[in-house]
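K.L.:
Supplied in structure tokens, the structure appears directly below.
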Amino acid sequence: MNKEKITVTVNGRKHEKEVEPRRLLSDFIREDLRLTGTHVGCEHGVCGTCTVLVNGKSQRSCLTFAVMADGAEIQTIEGLGTAEKMHPLQQGFWEKHGLQCGFCTPGMLMTAVELLKENPNPSVDEVREALSGNLCRCTGYQTIVESIQRGAEIMRGGK
Amino acid sequence: MKPAPFRYVRARSVDDAVAALARDSEAKVLAGGQSLIAMMNVRAAKPDCLVDINALSGLDYIKVKDGGLAIGALTRHETVKRSALVKEHCPLLAEAYEWIAHRAVRNRGTFGGNLCHADPASENPAVALVTEASFVLKSAKGERTVAAGDFFKGVYQTAARQDELLIEVRIPSRPKGQGWGFVEVSPRKGDFAMTATVVTLELAGSNVKAAKIALTGVSDRAIRLPSVEAALAGKPATEDLFRAAGEAARKAINPSSDFHADDAMRRDLASTLTRRALTAAKSRCA
Ligand SMILES: Cc1cc2nc3c(=O)[nH]c(=O)nc-3n(C[C@H](O)[C@H](O)[C@H](O)COP(=O)(O)OP(=O)(O)OC[C@H]3O[C@@H](n4cnc5c(N)ncnc54)[C@H](O)[C@@H]3O)c2cc1C
Ligand code: FES
Ligand code: FES
């Protein structure tokens with residue numbers, strides 16, 4: 001099969017790779033770049049755990065071919081924070097128990113990053129609307145909503 | 001599962017795209033990929049060749065033209081949802097967007113791709129039927145315009161030929177005084193409709209002058225209900241009349257059952273949602 005050459009910047013690092021056209025962006029990120037923080041659940045757009053930011057906008061990486069991301073700037077969960085220096089949203093999830101098994105968490109966080117960029121102080125309803133495309137089998141969502149509101153509070157300068 | 005291999009063509013212009021479609025009779029358009037890639041991932045679709053139109057400029061616009069909206073096929077859902085022009089000229093479409101997909105899907109999915117996909121439970125085809133939108137299709141041989149009523153042919157089937165690219169959708173502006181209603185029930189907000197009813201309503205005094213009603217999720221495609229519409233004309237626009245229209249809608253359809261809802265439930269939904277959509281439309285006739 002012929003391959004296409006692509007250049008993508010992931011979490012600030014530039015990568016040049018050859019990919020088969022059918023290579024999903026999710027597999028490219030996980031297998032070719034070995035960034036396994038982005039999870040794959042349903043692989044047909046329903047669960048949202050594979051959500052990454054492409055040029056600043058949330059996108060299902062399982063519903064994008066890597067060739068379509070040629071030239072794009074991508075942010076994955078690995079670009080958000082570290083264990084030593086957590087992103088305010090990660091801090092919020094940690095404080096409010098926003099995860100149990102953690103499978104849905106990368107998608108929840110990337111979705112919330114986009115939300116807070118546009119709305120620094122979202123109501124419960126606004127958080128729920130923003131999360132409508134992300135499934136969690138564990139938490140019942142209550143603590144995820146609280147975590148995102150807590151993250152928002154930290155980002156607004158609260159302690 | 002993973003998608004089957006395919007040849008990949010990146011189109012740089014509309015001419016480029018239609019030339020690629022003409023060259024290869026197996027070629028298929030790849031727009032936002034939010035339906036097509038999902039189907040390829042489960043191998044429900046195995047196209048030999050994809051013509052990617054995402055790098056193409058000039059098909060991403062919302063304009064006012066000839067008394068209506070002209071929306072470029074590659075306009076992303078999220079752009080349509082946020083458009084002030086859409087709210088002004090077609091508030092019905094703006095309201096439908098409260099129900100269409102989730103943010104990450106809307107960032108990527110396109111208005112044109114959504115209509116070409118022709119999912120039987122999709123909202124926009126019903127909006128297109130009620131507003132009597134038209135579709136501009138282009139191929140290497142030329143351009144033609146197809147009315148919404150002739151565009152949707154069945155499950156994932158439209159009037160667009162393999163070598164044709166949808167380039168623009170035209171939606172007449174809301175006539176002054178026309179009310180609108182959009183009501184949906186879906187398993188999860190942002191997912192495809194179990195059933196949705198879309199109506200427009202015009203009054204003459206306290207009587208119905210004209211009503212248009214379309215349903216999605218109850219057939220192999222979105223459908224208008226001409227007999228129910230005709231029965232409303234000239235009658236006093238009361239809650240009783242709207243209830244009767246709901247009952248008529250229940251009988252006019254022949255839905256199939258799936259794991260979301262059986263035939264009886266879809267008929268119940270059609271009845272209730274038709275009444276509610278007409279009531280909402282009446283409150284907006286101003
Ligand atoms: C979780 C989830 C929820 C969703 N919820 C909804 C919902 O509530 N309502 C709804 O309506 N949709 C929903 N969708 C589908 C979404 O709206 C898709 O964006 C849309 O159906 C397809 O648009 P696309 O641009 O992604 O097209 P693609 O997936 O790229 O293409 C779809 C089809 O149209 C053809 N095509 C695309 N563009 C053109 C063109 N310009 N000319 C000719 N042919 C073309 C393709 O060849 C293909 O056959 C959902 C999707 C997901 C994953
Ligand atoms: S893995 Fe992409 S949405 Fe589920
Ligand atoms: S924490 Fe387990 S799926 Fe959400």
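Letters A, B, ... mark the chains of the structure tokens in the order given; residue numbers begin at 1 per chain; ligand numbers begin at 1, in order shown.
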Enumerate as number ranges by chain all residues of segment 93-170 of chain B assigned to strand (DSSP E or B) by DSSP on the backbone, naming them with the chain letters and numbers the document uses.

P.N.:
B: 110, 134-139, 142-147, 152-154, 157-158, 165-170

K.L.:
Could you write those residues out with N, CA, C and O atoms, as a compact mmCIF listing (two decimals), in the first residue's frame?

P.N.:
# COMPACT_ATOMS: atom_id res chain seq x y z
N THR B 110 -19.74 18.24 8.51
CA THR B 110 -20.15 19.34 7.63
C THR B 110 -21.64 19.28 7.34
O THR B 110 -22.26 18.21 7.37
N SER B 134 -33.02 23.71 -1.62
CA SER B 134 -32.56 23.05 -2.84
C SER B 134 -31.06 22.81 -2.77
O SER B 134 -30.34 23.47 -2.02
N PHE B 135 -30.63 21.84 -3.54
CA PHE B 135 -29.26 21.32 -3.47
C PHE B 135 -28.57 21.54 -4.80
O PHE B 135 -29.07 21.11 -5.83
N VAL B 136 -27.41 22.19 -4.76
CA VAL B 136 -26.66 22.43 -5.99
C VAL B 136 -25.57 21.37 -6.11
O VAL B 136 -24.69 21.26 -5.26
N LEU B 137 -25.68 20.57 -7.18
CA LEU B 137 -24.74 19.46 -7.40
C LEU B 137 -23.86 19.79 -8.59
O LEU B 137 -24.35 20.27 -9.62
N LYS B 138 -22.56 19.49 -8.45
CA LYS B 138 -21.65 19.79 -9.55
C LYS B 138 -20.86 18.55 -9.94
O LYS B 138 -20.42 17.79 -9.08
N SER B 139 -20.73 18.37 -11.24
CA SER B 139 -19.87 17.29 -11.74
C SER B 139 -19.03 17.86 -12.87
O SER B 139 -19.18 19.02 -13.24
N GLY B 142 -21.20 19.40 -15.51
CA GLY B 142 -21.96 20.64 -15.30
C GLY B 142 -22.63 20.67 -13.94
O GLY B 142 -22.29 19.88 -13.06
N GLU B 143 -23.59 21.59 -13.81
CA GLU B 143 -24.23 21.81 -12.53
C GLU B 143 -25.73 21.59 -12.65
O GLU B 143 -26.31 21.87 -13.69
N ARG B 144 -26.36 21.09 -11.59
CA ARG B 144 -27.82 21.03 -11.58
C ARG B 144 -28.31 21.27 -10.16
O ARG B 144 -27.56 21.12 -9.20
N THR B 145 -29.59 21.65 -10.08
CA THR B 145 -30.18 21.93 -8.77
C THR B 145 -31.32 20.95 -8.54
O THR B 145 -32.15 20.73 -9.42
N VAL B 146 -31.33 20.34 -7.37
CA VAL B 146 -32.35 19.34 -7.04
C VAL B 146 -33.14 19.84 -5.83
O VAL B 146 -32.55 20.28 -4.83
N ALA B 147 -34.47 19.77 -5.90
CA ALA B 147 -35.32 20.18 -4.78
C ALA B 147 -35.20 19.15 -3.66
O ALA B 147 -35.02 17.95 -3.92
N PHE B 152 -33.80 13.14 -1.21
CA PHE B 152 -33.62 11.99 -0.30
C PHE B 152 -34.34 10.77 -0.87
O PHE B 152 -35.53 10.81 -1.13
N LYS B 153 -33.60 9.68 -1.06
CA LYS B 153 -34.14 8.54 -1.79
C LYS B 153 -34.32 7.29 -0.93
O LYS B 153 -34.94 6.33 -1.36
N GLY B 154 -33.72 7.26 0.24
CA GLY B 154 -33.81 6.07 1.08
C GLY B 154 -32.66 6.08 2.07
O GLY B 154 -31.95 7.08 2.18
N GLN B 157 -29.28 7.07 0.88
CA GLN B 157 -29.39 7.22 -0.58
C GLN B 157 -29.91 8.62 -0.93
O GLN B 157 -30.91 9.06 -0.37
N THR B 158 -29.24 9.27 -1.87
CA THR B 158 -29.72 10.57 -2.34
C THR B 158 -29.71 10.61 -3.87
O THR B 158 -29.24 9.66 -4.52
N LEU B 165 -20.60 16.34 -6.78
CA LEU B 165 -20.24 16.94 -5.49
C LEU B 165 -21.35 17.91 -5.12
O LEU B 165 -21.75 18.76 -5.94
N LEU B 166 -21.87 17.78 -3.91
CA LEU B 166 -22.80 18.81 -3.41
C LEU B 166 -21.95 20.03 -3.10
O LEU B 166 -20.97 19.93 -2.36
N ILE B 167 -22.30 21.17 -3.69
CA ILE B 167 -21.49 22.36 -3.39
C ILE B 167 -22.23 23.37 -2.54
O ILE B 167 -21.62 24.08 -1.74
N GLU B 168 -23.56 23.45 -2.69
CA GLU B 168 -24.28 24.49 -1.94
C GLU B 168 -25.69 24.02 -1.64
O GLU B 168 -26.30 23.29 -2.40
N VAL B 169 -26.19 24.48 -0.49
CA VAL B 169 -27.59 24.24 -0.13
C VAL B 169 -28.26 25.61 0.00
O VAL B 169 -27.71 26.50 0.64
N ARG B 170 -29.42 25.78 -0.66
CA ARG B 170 -30.14 27.05 -0.61
C ARG B 170 -31.42 26.88 0.18
O ARG B 170 -32.20 25.96 -0.09

K.L.:
Quick one: which residues from chain B are at most 6 Å off chain A, using only C-alpha atoms, as a ChimeraX atom specification?

P.N.:
/B:5,34,37-38,102,104

K.L.:
How would you write, as JSON, numbers by chain, the set of residues no farther than 12 Å from ligand 3 when counting only C-alpha atoms and all ligand atoms?

P.N.:
{"A": [39, 40, 41, 47, 48, 49, 93, 97, 98, 99, 100, 101, 102, 103, 104, 105, 106, 107, 108, 109, 131, 134, 135, 136, 137, 138, 139, 140, 141, 142, 143, 144, 145]}

K.L.:
Could you name the residues that touch segment 32-36 of chain A at 9 Å or less, counting only C-alpha atoms, but leaving out those on the same chain fewer than 3 positions away, as a PDB file with N, CA and C atoms, in the first residue's frame?

P.N.:
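Just written: around-v7.pdb:
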ATOM      1  N   HIS A  15       6.569  16.148  14.218  1.00  0.00           N
ATOM      2  CA  HIS A  15       6.834  14.775  13.759  1.00  0.00           C
ATOM      3  C   HIS A  15       6.626  14.686  12.257  1.00  0.00           C
ATOM      4  N   LYS A  17       6.232  11.758   9.436  1.00  0.00           N
ATOM      5  CA  LYS A  17       6.058  10.298   9.351  1.00  0.00           C
ATOM      6  C   LYS A  17       5.408   9.942   8.022  1.00  0.00           C
ATOM      7  N   ASP A  27      -4.818   5.782  16.175  1.00  0.00           N
ATOM      8  CA  ASP A  27      -3.752   4.769  16.117  1.00  0.00           C
ATOM      9  C   ASP A  27      -2.390   5.412  15.851  1.00  0.00           C
ATOM     10  N   PHE A  28      -2.409   6.473  15.048  1.00  0.00           N
ATOM     11  CA  PHE A  28      -1.162   7.203  14.783  1.00  0.00           C
ATOM     12  C   PHE A  28      -0.592   7.741  16.097  1.00  0.00           C
ATOM     13  N   ILE A  29      -1.460   8.357  16.893  1.00  0.00           N
ATOM     14  CA  ILE A  29      -1.020   8.946  18.166  1.00  0.00           C
ATOM     15  C   ILE A  29      -0.546   7.846  19.134  1.00  0.00           C
ATOM     16  N   HIS A  39      -7.132   7.447  24.719  1.00  0.00           N
ATOM     17  CA  HIS A  39      -7.727   6.105  24.745  1.00  0.00           C
ATOM     18  C   HIS A  39      -8.651   5.863  23.566  1.00  0.00           C
ATOM     19  N   THR A  76      -2.699  16.496  22.989  1.00  0.00           N
ATOM     20  CA  THR A  76      -3.253  15.308  23.639  1.00  0.00           C
ATOM     21  C   THR A  76      -3.128  15.496  25.146  1.00  0.00           C
ATOM     22  N   ILE A  77      -3.651  14.533  25.863  1.00  0.00           N
ATOM     23  CA  ILE A  77      -3.625  14.605  27.322  1.00  0.00           C
ATOM     24  C   ILE A  77      -2.198  14.754  27.867  1.00  0.00           C
ATOM     25  N   GLU A  78      -1.209  14.174  27.158  1.00  0.00           N
ATOM     26  CA  GLU A  78       0.187  14.277  27.625  1.00  0.00           C
ATOM     27  C   GLU A  78       0.670  15.723  27.611  1.00  0.00           C
TER      28      GLU A  78
END

K.L.:
If you run DSSP on the backbone here, which positions in segment 1-142 of chain A get helix (DSSP H, G or I)? Please write them as a VMD selection string.

P.N.:
chain A and resid 25 to 32 61 to 63 66 to 69 77 to 79 88 to 95 105 to 118 124 to 130 142

K.L.:
List the spatial neighbours of Ala196 of chain B as an NGL selection string - criterion: any atom at most 6 Å away, only C-alpha atoms, same-chain residues fewer than 6 positions off excluded.

P.N.:
:B and (183-184 or 215-216)

K.L.:
Could you jot down the atom CA of Arg108 of chain B to atom CA of Gly33 of chain B separation for me, Å, one decimal place?

P.N.:
7.8 Å

K.L.:
Would you mind telling me which residue in B:Pro255, B:Gly190, B:Gly179, B:Pro3 lies nearest to ligand 1 when using only C-alpha atoms and all ligand atoms?

P.N.:
B:Gly190

K.L.:
Could you list the protein, DNA and RNA residues that have any atom within 6 Å of ligand 1, counting only C-alpha atoms and all ligand atoms, and write them as a PyMOL selection string?

P.N.:
(chain A and resi 45-46) or (chain B and resi 28-36+73+99-101+105+109-110+112-114+116-117+122-123+165-167+190-192)

K.L.:
Residues of the last selection are to be written out with N, CA, C and O atoms, as a compact mmCIF listing (two decimals), in the first residue's frame.

P.N.:
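Result went into part34.txt, see below:
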# COMPACT_ATOMS: atom_id res chain seq x y z
N GLY A 45 -17.00 6.84 17.18
CA GLY A 45 -17.45 8.21 17.42
C GLY A 45 -18.41 8.41 18.58
O GLY A 45 -18.81 9.53 18.86
N VAL A 46 -18.77 7.34 19.28
CA VAL A 46 -19.83 7.44 20.26
C VAL A 46 -19.34 7.76 21.68
O VAL A 46 -19.99 8.49 22.42
N LYS B 28 -15.24 8.12 -3.74
CA LYS B 28 -16.28 8.66 -2.87
C LYS B 28 -15.72 9.91 -2.18
O LYS B 28 -14.53 9.98 -1.90
N VAL B 29 -16.62 10.85 -1.91
CA VAL B 29 -16.20 12.08 -1.24
C VAL B 29 -15.95 11.82 0.26
O VAL B 29 -16.74 11.15 0.91
N LEU B 30 -14.86 12.37 0.78
CA LEU B 30 -14.62 12.38 2.23
C LEU B 30 -14.71 13.83 2.71
O LEU B 30 -13.87 14.65 2.38
N ALA B 31 -15.77 14.12 3.47
CA ALA B 31 -15.91 15.48 4.03
C ALA B 31 -15.45 15.41 5.49
O ALA B 31 -14.29 15.10 5.75
N GLY B 32 -16.34 15.67 6.45
CA GLY B 32 -15.92 15.66 7.85
C GLY B 32 -15.56 14.28 8.36
O GLY B 32 -14.88 14.12 9.38
N GLY B 33 -16.04 13.25 7.66
CA GLY B 33 -15.72 11.87 8.05
C GLY B 33 -16.50 11.37 9.26
O GLY B 33 -16.28 10.23 9.71
N GLN B 34 -17.40 12.18 9.79
CA GLN B 34 -18.05 11.82 11.06
C GLN B 34 -19.11 10.73 10.90
O GLN B 34 -19.55 10.14 11.88
N SER B 35 -19.50 10.46 9.68
CA SER B 35 -20.34 9.29 9.42
C SER B 35 -19.57 8.25 8.61
O SER B 35 -19.58 7.07 8.92
N LEU B 36 -18.86 8.74 7.58
CA LEU B 36 -18.17 7.82 6.68
C LEU B 36 -17.06 7.03 7.38
O LEU B 36 -16.96 5.80 7.23
N ALA B 73 -21.26 23.61 1.11
CA ALA B 73 -21.38 22.22 1.57
C ALA B 73 -20.37 21.87 2.66
O ALA B 73 -20.62 21.03 3.51
N TRP B 99 -30.03 20.08 18.72
CA TRP B 99 -30.17 18.64 18.86
C TRP B 99 -29.17 17.84 18.06
O TRP B 99 -29.17 16.62 18.10
N ILE B 100 -28.36 18.50 17.27
CA ILE B 100 -27.51 17.76 16.33
C ILE B 100 -26.11 17.52 16.89
O ILE B 100 -25.35 18.46 17.11
N ALA B 101 -25.82 16.27 17.12
CA ALA B 101 -24.48 15.79 17.48
C ALA B 101 -23.89 16.48 18.71
O ALA B 101 -24.58 17.20 19.43
N VAL B 105 -17.98 16.38 17.39
CA VAL B 105 -18.49 15.91 16.09
C VAL B 105 -18.87 17.11 15.23
O VAL B 105 -18.60 17.15 14.02
N GLY B 109 -17.79 17.65 11.48
CA GLY B 109 -18.83 17.27 10.53
C GLY B 109 -19.33 18.47 9.75
O GLY B 109 -19.32 19.59 10.24
N THR B 110 -19.74 18.24 8.51
CA THR B 110 -20.15 19.34 7.63
C THR B 110 -21.64 19.28 7.34
O THR B 110 -22.26 18.21 7.37
N GLY B 112 -23.06 19.85 4.42
CA GLY B 112 -23.28 19.12 3.18
C GLY B 112 -23.13 17.62 3.35
O GLY B 112 -23.91 16.83 2.82
N GLY B 113 -22.11 17.22 4.11
CA GLY B 113 -21.88 15.79 4.34
C GLY B 113 -23.04 15.17 5.09
O GLY B 113 -23.44 14.03 4.82
N ASN B 114 -23.60 15.91 6.02
CA ASN B 114 -24.74 15.44 6.79
C ASN B 114 -25.93 15.16 5.88
O ASN B 114 -26.58 14.11 5.99
N CYS B 116 -25.83 14.68 2.56
CA CYS B 116 -25.50 13.61 1.61
C CYS B 116 -25.53 12.24 2.28
O CYS B 116 -25.78 11.23 1.62
N HIS B 117 -25.25 12.21 3.57
CA HIS B 117 -25.27 10.93 4.28
C HIS B 117 -26.70 10.39 4.36
O HIS B 117 -26.92 9.18 4.32
N SER B 122 -31.84 11.53 10.82
CA SER B 122 -31.12 12.80 10.88
C SER B 122 -32.11 13.97 10.83
O SER B 122 -33.15 13.89 10.18
N GLU B 123 -31.75 15.07 11.51
CA GLU B 123 -32.64 16.22 11.62
C GLU B 123 -32.66 17.09 10.38
O GLU B 123 -33.72 17.55 9.93
N LEU B 165 -20.60 16.34 -6.78
CA LEU B 165 -20.24 16.94 -5.49
C LEU B 165 -21.35 17.91 -5.12
O LEU B 165 -21.75 18.76 -5.94
N LEU B 166 -21.87 17.78 -3.91
CA LEU B 166 -22.80 18.81 -3.41
C LEU B 166 -21.95 20.03 -3.10
O LEU B 166 -20.97 19.93 -2.36
N ILE B 167 -22.30 21.17 -3.69
CA ILE B 167 -21.49 22.36 -3.39
C ILE B 167 -22.23 23.37 -2.54
O ILE B 167 -21.62 24.08 -1.74
N GLY B 190 -28.06 14.90 21.44
CA GLY B 190 -26.94 14.98 20.52
C GLY B 190 -26.81 13.73 19.65
O GLY B 190 -26.07 13.73 18.69
N ASP B 191 -27.53 12.68 20.01
CA ASP B 191 -27.54 11.51 19.14
C ASP B 191 -28.68 11.63 18.13
O ASP B 191 -29.52 12.51 18.24
N PHE B 192 -28.70 10.71 17.18
CA PHE B 192 -29.76 10.73 16.17
C PHE B 192 -31.12 10.63 16.85
O PHE B 192 -31.25 10.06 17.94

K.L.:
Atom CA of Leu69 of chain B to atom CA of Asp150 of chain B: how many Å, to one decimal?

P.N.:
19.5 Å

K.L.:
Considering only C-alpha atoms, return as a PDB file with C-alpha atoms, in the first residue's frame whatever protein or nucleic-acid residues lie within 8 Å of Gly177 of chain B, sequence-local ones (same chain, fewer than 6 positions apart) excluded.

P.N.:
ATOM      1  CA  GLU B 202     -48.702  30.480   8.826  1.00  0.00           C
ATOM      2  CA  LEU B 203     -51.942  31.953  10.119  1.00  0.00           C
ATOM      3  CA  ARG B 284     -44.067  32.158  17.114  1.00  0.00           C
ATOM      4  CA  CYS B 285     -46.418  33.334  14.359  1.00  0.00           C
ATOM      5  CA  ALA B 286     -45.559  37.017  14.505  1.00  0.00           C
TER       6      ALA B 286
END

K.L.:
Just to confirm, what's the straight-line distance from atom CA of Ser206 of chain B to atom CA of Arg174 of chain B in Å (one decimal)?

P.N.:
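Separating atom CA of Ser206 of chain B from atom CA of Arg174 of chain B is a distance of 19.7 Å.
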
K.L.:
Need to verify the contact set: Thr131 of chain B, 10 Å, only C-alpha atoms, exclusion of same-chain residues closer than 4 positions in sequence. Can you return it as a list in words?

P.N.:
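Close residues of Thr131 of chain B: Cys90, Leu92, Leu93, Pro125, Ala126, Val127, Ala148, Arg170, Ile171, Pro172, Ser173, Arg174, Val198, Val199, Thr200, Lys212, Ile213 and Ala214 of chain B.
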
K.L.:
Give me the residues within 7 Å of Gly217 of chain B as JSON, numbers by chain, counting only C-alpha atoms and dropping any in the same chain fewer than 2 places off.

P.N.:
{"B": [120, 121, 193, 194, 195, 196, 215, 219, 222]}

K.L.:
Could you save the residues just selected, with C-alpha atoms, as a PDB file, in the first residue's frame?

P.N.:
ATOM      1  CA  PRO B 120     -33.112   8.173   8.190  1.00  0.00           C
ATOM      2  CA  ALA B 121     -33.002   9.613  11.734  1.00  0.00           C
ATOM      3  CA  ALA B 193     -33.469  11.214  16.738  1.00  0.00           C
ATOM      4  CA  MET B 194     -35.786   8.404  17.795  1.00  0.00           C
ATOM      5  CA  THR B 195     -38.374  10.677  16.251  1.00  0.00           C
ATOM      6  CA  ALA B 196     -38.419  14.408  15.582  1.00  0.00           C
ATOM      7  CA  LEU B 215     -40.893  13.764  10.481  1.00  0.00           C
ATOM      8  CA  SER B 219     -39.220   5.845   7.723  1.00  0.00           C
ATOM      9  CA  ALA B 222     -37.273  12.085   6.377  1.00  0.00           C
TER      10      ALA B 222
END

K.L.:
Between A:Ile6, A:Val113, A:Ala152, A:Ala66, which one has atoms that come closest to Gly79 of chain A, using only C-alpha atoms?

P.N.:
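For Gly79 of chain A, the nearest of the candidates is A:Val113.
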
K.L.:
Restricting the calculation to only C-alpha atoms, which member of B:Glu239, B:Asp263, B:Asp268, B:Asp52 is positioned closest to Ala17 of chain B?

P.N.:
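Of the candidates, the smallest distance to Ala17 of chain B is held by B:Asp52.
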
K.L.:
Using only C-alpha atoms for the distances, tell me which of B:Ile223, B:Asp15, B:Asp119, B:Gln162 is nearest to Ala140 of chain B.

P.N.:
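Closest candidate: B:Asp15.
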
K.L.:
For each of A:Gln75, A:Asn55, A:Asn121, A:Thr7, take the minimum atom-to-atom distance to Gln149 of chain A, counting only C-alpha atoms, then give the residue where this is smallest.

P.N.:
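So, comparing all the options, the nearest one is A:Asn121.
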